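Enquirer: Take this structure, written in structure tokens, and hold onto it; I'll ask about it next.
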Amino acid sequence: MINLVADPLTGDWVSLADARQERPLTAPGQSTCPFCPGPSSEVGSPPFHVAVFPNRYPVFDGPGAAEVVVYSPRHHDDLGYLTPAHARLVWEVWRDRSQALAARPDVETVFVFENRGRRIGATIDHPHGQIYGYPYVPPRLAQEHRALHRACLLCELKPWALIIAESPHWQLAVPQAMRMPYQSVLVPRRHLDGLGALSREELANGAAMLQQAYRGYDHLMGFRASLAMGVHQAARGHLRLECLPIERGQMRQKYLAASELVMGAFVTDIPATVAANRLAAALRAASRPPACSRDLADLTDLTDLKEPES
Ligand SMILES: [Zn+2]
Ligand SMILES: [Zn+2]
């Protein structure tokens with residue numbers, strides 16, 4: 001079966017995954033969650049901290065890989081609110097699976113990511129992420145390879161991004177050319193090409209910074225923010241994690257429409273300086289984590305609330 005189709009106009013690959021139409025959905029409050037431990041669960045009954053397994057509804061039906069990473073057996077353990085040690089464990093799983101998949105001959109690019117929240121299309125509420133092993137180089141990485149072949153722009157963020165938080169090993173910044181409102185990028189200070197190159201301290205520090213970013217977004221929006229988080233790692237590249245929220249705050253969603261979908265030209269209505277100031281303030285306000293992950297219940301998913309006026 002052909003499951004990769006090339007667009008002759010752009011050279012981009014499109015993956016056909018029609019079996020994904022059958023994948024399960026869970027609604028808020030629904031009792032049967034495929035990622036909560038139990039006899040009928042996809043993770044089974046044995047105790048675990050972080051579970052990884054092949055996606056039953058993979059995007060690649062042939063070469064390539066698709067895995068699911070369930071962050072915790074507890075249904076409301078969002079990545080932003082795990083204990084620091086538990087968040088480190090998630091990063092170690094990302095690192096180990098990235099290295100294992102990168103070693104496979106049918107995998108060209110490993111992509112660790114999370115679609116957080118129903119608004120961005122997560123079909124199961126239980127916090128989890130995914131790992132794709134693309135059998136090709138995705139378009140955005142290919143573009144970046146061409147742009148970065150002389151000098152690494154990520155080794156020096158200041159010319160093109162506004163730094164909003166710093167730690168000994170990482171910087172969190174808002175790109176001047178935001179594609180989505182409040183987009184941010186988490187970049188290690190050292191030029192490392194992937195998660196496998198991180199020292200123990202860098203990994204722990206990065207995990208804490210990403211948690212801080214998630215909590216900052218929740219604080220900024222006033223609810224559990226829906227966002228896409230993805231890890232760029234590629235040979236000779238500079239590791240980074242990108243967060244792209246799909247909400248603009250005040251209960252307003254940013255939709256991708258004609259300019260973005262047809263022309264690939266993103267339009268944002270918040271200046272990067274304003275977004276950076278607001279996000280930096282939210283990060284500071286949210287820097288004290290809730291006492292336990294149960295507090296997350298207070299951060300209602302946006303889907304539980306009324307639809308905003310457009
Ligand atoms: Zn669950
Ligand atoms: Zn670099």
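We label chains A, B, ... in the order they appear in the structure tokens, count residues from 1 in each chain, and number ligands from 1 in the order shown.
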Residues of chain A within 9 Å of ligand 2: nearest atom pair and distance (Å, one decimal) for each, counting only C-alpha atoms and all ligand atoms, sorted by chain and number, as JSON lines?
Expert:
```
{"residue": "A:Ala151", "atom": "CA", "partner": "ligand 2", "partner_atom_place_in_ligand_line": "1 (Zn)", "distance": 7.9}
{"residue": "A:Cys152", "atom": "CA", "partner": "ligand 2", "partner_atom_place_in_ligand_line": "1 (Zn)", "distance": 4.5}
{"residue": "A:Leu153", "atom": "CA", "partner": "ligand 2", "partner_atom_place_in_ligand_line": "1 (Zn)", "distance": 6.3}
{"residue": "A:Leu154", "atom": "CA", "partner": "ligand 2", "partner_atom_place_in_ligand_line": "1 (Zn)", "distance": 4.7}
{"residue": "A:Cys155", "atom": "CA", "partner": "ligand 2", "partner_atom_place_in_ligand_line": "1 (Zn)", "distance": 3.8}
{"residue": "A:Glu156", "atom": "CA", "partner": "ligand 2", "partner_atom_place_in_ligand_line": "1 (Zn)", "distance": 7.5}
{"residue": "A:Pro188", "atom": "CA", "partner": "ligand 2", "partner_atom_place_in_ligand_line": "1 (Zn)", "distance": 8.7}
{"residue": "A:Arg189", "atom": "CA", "partner": "ligand 2", "partner_atom_place_in_ligand_line": "1 (Zn)", "distance": 8.0}
{"residue": "A:Arg190", "atom": "CA", "partner": "ligand 2", "partner_atom_place_in_ligand_line": "1 (Zn)", "distance": 6.8}
{"residue": "A:His191", "atom": "CA", "partner": "ligand 2", "partner_atom_place_in_ligand_line": "1 (Zn)", "distance": 4.1}
{"residue": "A:Leu192", "atom": "CA", "partner": "ligand 2", "partner_atom_place_in_ligand_line": "1 (Zn)", "distance": 7.0}
{"residue": "A:Asp193", "atom": "CA", "partner": "ligand 2", "partner_atom_place_in_ligand_line": "1 (Zn)", "distance": 8.3}
{"residue": "A:Arg236", "atom": "CA", "partner": "ligand 2", "partner_atom_place_in_ligand_line": "1 (Zn)", "distance": 8.7}
{"residue": "A:Gly237", "atom": "CA", "partner": "ligand 2", "partner_atom_place_in_ligand_line": "1 (Zn)", "distance": 6.9}
{"residue": "A:His238", "atom": "CA", "partner": "ligand 2", "partner_atom_place_in_ligand_line": "1 (Zn)", "distance": 4.7}
{"residue": "A:Leu239", "atom": "CA", "partner": "ligand 2", "partner_atom_place_in_ligand_line": "1 (Zn)", "distance": 7.9}
```
Enquirer: Could you find all residues in range 128-260 of chain A that DSSP calls helix (DSSP H, G or I) from the backbone, and write them as a VMD selection string?
Expert: chain A and resid 139 to 147 153 to 155 195 to 197 200 to 221 258 to 260
Enquirer: Taking a cut-off of 10 Å and counting only C-alpha atoms and all ligand atoms, can you build a table that, for each residue of chain A near ligand 1, reports the nearest atom pair and how far apart they are in Å (one decimal), sorted by chain then residue number, as JSON lines?
Expert:
```
{"residue": "A:Thr26", "atom": "CA", "partner": "ligand 1", "partner_atom_place_in_ligand_line": "1 (Zn)", "distance": 9.0}
{"residue": "A:Gly29", "atom": "CA", "partner": "ligand 1", "partner_atom_place_in_ligand_line": "1 (Zn)", "distance": 9.9}
{"residue": "A:Gln30", "atom": "CA", "partner": "ligand 1", "partner_atom_place_in_ligand_line": "1 (Zn)", "distance": 9.3}
{"residue": "A:Ser31", "atom": "CA", "partner": "ligand 1", "partner_atom_place_in_ligand_line": "1 (Zn)", "distance": 8.4}
{"residue": "A:Thr32", "atom": "CA", "partner": "ligand 1", "partner_atom_place_in_ligand_line": "1 (Zn)", "distance": 7.6}
{"residue": "A:Cys33", "atom": "CA", "partner": "ligand 1", "partner_atom_place_in_ligand_line": "1 (Zn)", "distance": 4.5}
{"residue": "A:Pro34", "atom": "CA", "partner": "ligand 1", "partner_atom_place_in_ligand_line": "1 (Zn)", "distance": 6.4}
{"residue": "A:Phe35", "atom": "CA", "partner": "ligand 1", "partner_atom_place_in_ligand_line": "1 (Zn)", "distance": 4.7}
{"residue": "A:Cys36", "atom": "CA", "partner": "ligand 1", "partner_atom_place_in_ligand_line": "1 (Zn)", "distance": 3.8}
{"residue": "A:Pro37", "atom": "CA", "partner": "ligand 1", "partner_atom_place_in_ligand_line": "1 (Zn)", "distance": 7.6}
{"residue": "A:Gly38", "atom": "CA", "partner": "ligand 1", "partner_atom_place_in_ligand_line": "1 (Zn)", "distance": 9.9}
{"residue": "A:Ser41", "atom": "CA", "partner": "ligand 1", "partner_atom_place_in_ligand_line": "1 (Zn)", "distance": 9.1}
{"residue": "A:Val70", "atom": "CA", "partner": "ligand 1", "partner_atom_place_in_ligand_line": "1 (Zn)", "distance": 9.2}
{"residue": "A:Ser72", "atom": "CA", "partner": "ligand 1", "partner_atom_place_in_ligand_line": "1 (Zn)", "distance": 8.9}
{"residue": "A:Pro73", "atom": "CA", "partner": "ligand 1", "partner_atom_place_in_ligand_line": "1 (Zn)", "distance": 7.1}
{"residue": "A:Arg74", "atom": "CA", "partner": "ligand 1", "partner_atom_place_in_ligand_line": "1 (Zn)", "distance": 6.4}
{"residue": "A:His75", "atom": "CA", "partner": "ligand 1", "partner_atom_place_in_ligand_line": "1 (Zn)", "distance": 3.9}
{"residue": "A:His76", "atom": "CA", "partner": "ligand 1", "partner_atom_place_in_ligand_line": "1 (Zn)", "distance": 7.4}
{"residue": "A:Asp77", "atom": "CA", "partner": "ligand 1", "partner_atom_place_in_ligand_line": "1 (Zn)", "distance": 9.2}
{"residue": "A:Ile124", "atom": "CA", "partner": "ligand 1", "partner_atom_place_in_ligand_line": "1 (Zn)", "distance": 8.0}
{"residue": "A:Asp125", "atom": "CA", "partner": "ligand 1", "partner_atom_place_in_ligand_line": "1 (Zn)", "distance": 7.0}
{"residue": "A:His126", "atom": "CA", "partner": "ligand 1", "partner_atom_place_in_ligand_line": "1 (Zn)", "distance": 4.4}
{"residue": "A:Pro127", "atom": "CA", "partner": "ligand 1", "partner_atom_place_in_ligand_line": "1 (Zn)", "distance": 7.7}
{"residue": "A:His128", "atom": "CA", "partner": "ligand 1", "partner_atom_place_in_ligand_line": "1 (Zn)", "distance": 9.6}
```
Enquirer: If I take CA of Ala66 in chain A and CA of Gly117 in chain A, how far is one from the other in Å, to one decimal?
Expert: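 Taking CA of Ala66 in chain A and CA of Gly117 in chain A, their separation equals 19.6 Å.
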Enquirer: Got a sec: who's within 10 Å of Asn3 in chain A, counting only C-alpha atoms, leaving out chain neighbours fewer than 3 positions off, as number ranges by chain?
Expert: A: 13-18, 59-63
Enquirer: Can you write out the residues you just picked, keeping C-alpha atoms, as a short mmCIF file (atom, residue, chain, number, x, y, z; two decimals), in the first residue's frame?
Expert:
```cif
data_model
loop_
_atom_site.label_atom_id
_atom_site.label_comp_id
_atom_site.auth_asym_id
_atom_site.auth_seq_id
_atom_site.Cartn_x
_atom_site.Cartn_y
_atom_site.Cartn_z
CA TRP A 13 5.85 14.37 1.51
CA VAL A 14 2.33 13.71 2.76
CA SER A 15 1.62 10.61 4.83
CA LEU A 16 -1.67 8.79 4.34
CA ALA A 17 -2.91 7.07 7.51
CA ASP A 18 -6.52 6.09 6.88
CA VAL A 59 0.79 7.55 10.77
CA PHE A 60 3.32 5.40 8.93
CA ASP A 61 2.16 2.05 7.59
CA GLY A 62 5.52 0.76 6.42
CA PRO A 63 8.87 2.44 6.94
#
```
Enquirer: In Å, rounded to a single decimal, give me how far CA of Val110 in chain A is from CA of Ser98 in chain A.
Expert: 6.1 Å
Enquirer: Which residue out of A:Glu108, A:Glu166, A:Glu42, A:Asp218 has the minimum interatomic distance to Asp78 in chain A when only C-alpha atoms are used?
Expert: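 Nearest to Asp78 in chain A: A:Asp218.
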Enquirer: Can you work out which one of A:Ser184, A:Gln171, A:Asn55, A:Asn115 has the shortest atom-to-atom distance to Leu227 in chain A, counting only C-alpha atoms?
Expert: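 Smallest separation from Leu227 in chain A among the options: A:Asn115.
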Enquirer: Please provide as an mmCIF file with C-alpha atoms, in the first residue's frame all residues within 12 Å of range 103-106 of chain A, with the sequence filter that same-chain residues fewer than 6 positions apart are discarded (counting only C-alpha atoms).
Expert:
```cif
data_model
loop_
_atom_site.group_PDB
_atom_site.id
_atom_site.type_symbol
_atom_site.label_atom_id
_atom_site.label_comp_id
_atom_site.auth_asym_id
_atom_site.auth_seq_id
_atom_site.Cartn_x
_atom_site.Cartn_y
_atom_site.Cartn_z
ATOM 1 C CA PHE A 60 3.321 5.396 8.927
ATOM 2 C CA ASP A 61 2.158 2.054 7.591
ATOM 3 C CA GLY A 62 5.525 0.759 6.418
ATOM 4 C CA PRO A 63 8.873 2.442 6.941
ATOM 5 C CA GLY A 64 8.976 4.829 9.891
ATOM 6 C CA ALA A 65 7.768 4.638 13.474
ATOM 7 C CA ASP A 96 16.365 6.952 24.949
ATOM 8 C CA ARG A 97 13.609 6.405 22.381
ATOM 9 C CA TYR A 132 7.396 9.935 15.111
ATOM 10 C CA GLY A 133 10.250 8.339 13.265
ATOM 11 C CA TYR A 134 9.738 9.947 9.854
ATOM 12 C CA PRO A 135 11.120 7.909 6.945
ATOM 13 C CA TYR A 136 12.113 11.233 5.339
ATOM 14 C CA VAL A 137 13.285 14.729 6.326
#
```
Enquirer: Based on the backbone DSSP call, show me all residues of range 136-238 of chain A assigned strand (DSSP E), as a list in words.
Expert: Ala161, Leu162, Ile163, Ile164, Ala165, Glu166, Trp170, Gln171, Leu172, Ala173, Val174, Pro175, Ser184, Val185, Leu186, Val187, Pro188, Leu227, Ala228, Met229, Gly230, Val231 and His232 of chain A
Enquirer: Record the distance separating CA of Ala234 in chain A and CA of Leu9 in chain A, expressed in Å with one decimal.
Expert: 25.0 Å
Enquirer: Any idea what's packed within 10 Å of Asp269 in chain A, counting only C-alpha atoms, ignoring anything in its chain fewer than 4 positions away? Could you give it as a ChimeraX atom specification?
Expert: /A:178,180-181,248,254
Enquirer: For N, CA and C atoms, I'd like the residues from the last selection saved as a PDB file, in the first residue's frame.
Expert:
```pdb
ATOM      1  N   MET A 178       7.124  35.353  15.064  1.00  0.00           N
ATOM      2  CA  MET A 178       6.208  34.350  15.620  1.00  0.00           C
ATOM      3  C   MET A 178       5.266  33.862  14.529  1.00  0.00           C
ATOM      4  N   MET A 180       2.783  31.722  15.546  1.00  0.00           N
ATOM      5  CA  MET A 180       1.559  31.677  16.357  1.00  0.00           C
ATOM      6  C   MET A 180       1.752  32.638  17.521  1.00  0.00           C
ATOM      7  N   PRO A 181       0.658  33.263  18.018  1.00  0.00           N
ATOM      8  CA  PRO A 181       0.794  34.191  19.136  1.00  0.00           C
ATOM      9  C   PRO A 181       1.408  33.478  20.338  1.00  0.00           C
ATOM     10  N   ARG A 248      -5.059  32.865  21.720  1.00  0.00           N
ATOM     11  CA  ARG A 248      -4.491  34.199  21.842  1.00  0.00           C
ATOM     12  C   ARG A 248      -4.832  34.818  23.188  1.00  0.00           C
ATOM     13  N   LYS A 254      -6.638  31.013  17.733  1.00  0.00           N
ATOM     14  CA  LYS A 254      -6.024  31.382  16.454  1.00  0.00           C
ATOM     15  C   LYS A 254      -6.269  30.218  15.479  1.00  0.00           C
TER      16      LYS A 254
END
```
Enquirer: Find, counting only C-alpha atoms, the residue in A:Gly216, A:Gly196, A:Pro46, A:Gly121 that gets nearest to Tyr81 in chain A.
Expert: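 Of A:Gly216, A:Gly196, A:Pro46, A:Gly121, the one nearest Tyr81 in chain A, counting only C-alpha atoms, is A:Gly216.
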Enquirer: For range 275-286 of chain A, work out the shell of residues within 12 Å, counting only C-alpha atoms and skipping chain neighbours fewer than 3 positions away, then give it as a PyMOL selection string.
Expert: chain A and resi 80-81+161-166+172-178+180-185+209-222+245+248-249+268-272+289-290
Enquirer: Just the selected residues (C-alpha atoms), exported as a tab-separated table (two decimals), in the first residue's frame, please.
Expert:
```
chain	number	residue	atom	x	y	z
A	80	GLY	CA	3.83	20.94	33.47
A	81	TYR	CA	2.82	19.79	36.94
A	161	ALA	CA	14.44	36.28	19.40
A	162	LEU	CA	13.47	37.98	22.68
A	163	ILE	CA	14.81	36.08	25.68
A	164	ILE	CA	12.18	35.78	28.42
A	165	ALA	CA	13.77	33.30	30.86
A	166	GLU	CA	17.27	32.00	31.39
A	172	LEU	CA	13.54	30.48	26.64
A	173	ALA	CA	12.74	33.04	23.96
A	174	VAL	CA	9.95	34.42	21.80
A	175	PRO	CA	10.95	34.56	18.12
A	176	GLN	CA	10.56	37.96	16.46
A	177	ALA	CA	8.88	36.13	13.57
A	178	MET	CA	6.21	34.35	15.62
A	180	MET	CA	1.56	31.68	16.36
A	181	PRO	CA	0.79	34.19	19.14
A	182	TYR	CA	3.03	33.55	22.17
A	183	GLN	CA	5.17	31.02	20.34
A	184	SER	CA	8.32	30.23	22.31
A	185	VAL	CA	11.51	28.32	21.80
A	209	MET	CA	12.30	25.02	32.08
A	210	LEU	CA	9.70	23.30	29.90
A	211	GLN	CA	7.49	22.79	32.95
A	212	GLN	CA	7.88	26.46	33.76
A	213	ALA	CA	6.84	27.33	30.20
A	214	TYR	CA	3.72	25.13	30.37
A	215	ARG	CA	2.69	26.68	33.68
A	216	GLY	CA	3.37	30.13	32.30
A	217	TYR	CA	1.06	29.48	29.36
A	218	ASP	CA	-1.68	28.24	31.68
A	219	HIS	CA	-1.29	31.33	33.82
A	220	LEU	CA	-1.31	33.62	30.80
A	221	MET	CA	-4.45	32.10	29.29
A	222	GLY	CA	-6.24	31.50	32.59
A	245	PRO	CA	-0.10	27.80	21.53
A	248	ARG	CA	-4.49	34.20	21.84
A	249	GLY	CA	-5.82	34.54	25.37
A	268	THR	CA	-0.11	37.17	13.80
A	269	ASP	CA	-1.86	40.11	15.42
A	270	ILE	CA	0.32	40.49	18.53
A	271	PRO	CA	3.78	42.08	18.24
A	272	ALA	CA	6.55	39.79	19.47
A	289	PRO	CA	4.10	25.18	41.18
A	290	PRO	CA	0.82	24.01	42.71
```
